[in-house]
Amino acid sequence: MEQPLHIMFIGAHPDDNELNCGGLTARLTNRGHKVRYVSITNGDKGHFAAEYIDNPARLAERRLIEAQNAAAAVGADYVCLNVHDGEVYVDKETTEAVIRTIRSFGEPGKGPDLVIFNRTVDYHRDHRYTAQLVVDATYMLTVPMMCPDTPFLTRMPVFAHWFDVFTEHGAFVSEIAVPIDDVFEQKVDAVACHISQLFEWLPYNAGQLDSVPSDDASRRERLHDQLLARAAVRTAAARAARLHGDPRAVSVEAYRICEYGRRPSDGELRELFTIDG
Ligand SMILES: [Zn+2]
């Protein structure tokens with residue numbers, strides 16, 4: 001490898017990136033590339049316990065540590081823009097923060113090679129507005145008079161969306177299928193770091209808290225099966241992907257290119273998404 005690639009993942013919440021893209025992340029960092037996870041919010045509303053309702057900052061502290069551990073498990077670093085959970089808005093301050101954050105990763109003026117995020121059609125308002133913030137940032141990355149305190153980019157990054165199941169504004173068309181069987185356990189390890197979410201808040205919110213095992217090994221096994229089922233949806237949906245890393249793979253992550261970024265050649269796409277051959 002001549003130069004490591006710089007790949008940035010941007011999610012609304014501290015666990016969004018590894019849940020959707022932990023496999024691609026591990027494949028990139030295992031090849032020596034640099035990956036940064038960005039969360040717009042600090043996740044300070046994602047719990048039900050009185051100790052956190054009384055003191056949301058304590059939940060934010062816990063989630064920061066969980067997110068740092070999770071990112072490290074797949075070789076990434078973690079940056080949080082510290083917006084309150086549930087309060088992502090498309091405003092001047094947050095738009096400029098996103099522009100500066102993207103510009104600041106990679107060589108000055110060059111920025112990241114690839115930025116991955118969700119589509120703007122997602123179910124969660126924080127997710128929709130996060131995607132809108134990234135879309136709004138794209139062109140402005142190259143405008144010198146926008147946020148002049150942070151060097152503007154002379155090359156537009158490639159932008160891509162991770163897979164989703166929403167259909168109201170058109171179903172996700174999988175363009176690239178990344179096989180993740182070889183790094184699946186690493187992805188499970190990363191997601192399992194979000195104890196407050198995977199084993200507390202999300203089961204509570206779904207009315208399933210009683211079904212969560214109390215010991216670590218059983219919890220991990222449960223999560224493993226959940227992520228396997230989640231991946232199966234992507235594997236099925238991405239069978240006809242234009243660029244497929246391995247049609248025999250049990251688990252894949254699916255992606256599609258966002259038309260507002262640079263339009264890469266297939267050769268570059270293969271490198272960016274670890275598709276060999
Ligand atoms: Zn989220």
# chains A, B, ... in the order shown; residues from 1 in each chain; ligands from 1
>>> residues_around(residues="A:Val115", least_positions_apart="6", cutoff="7 Å", atoms="only C-alpha atoms", output="list in words")
Ile7, Met8, Phe9, Pro157, Val158, Phe159 and Ala160 of chain A
>>> residues_near_ligand(ligand="ligand 1", cutoff="9 Å", atoms="only C-alpha atoms and all ligand atoms", output="number ranges by chain")
A: 11-17, 43, 124, 126-127
>>> select_by_dssp(residues="stretch 33-222 of chain A", states="helix (DSSP H, G or I)", output="ChimeraX atom specification")
/A:50-53,56-73,92-103,125-140,181-192,195-205,209-211,216-222
>>> atom_distance(atom1="atom CA of A:Leu24", atom2="atom CA of A:Val90")
28.2 Å
>>> closest_residue(among="A:Val233, A:Ala190, A:Leu269, A:Val121", to="A:Arg220", atoms="only C-alpha atoms")
A:Ala190
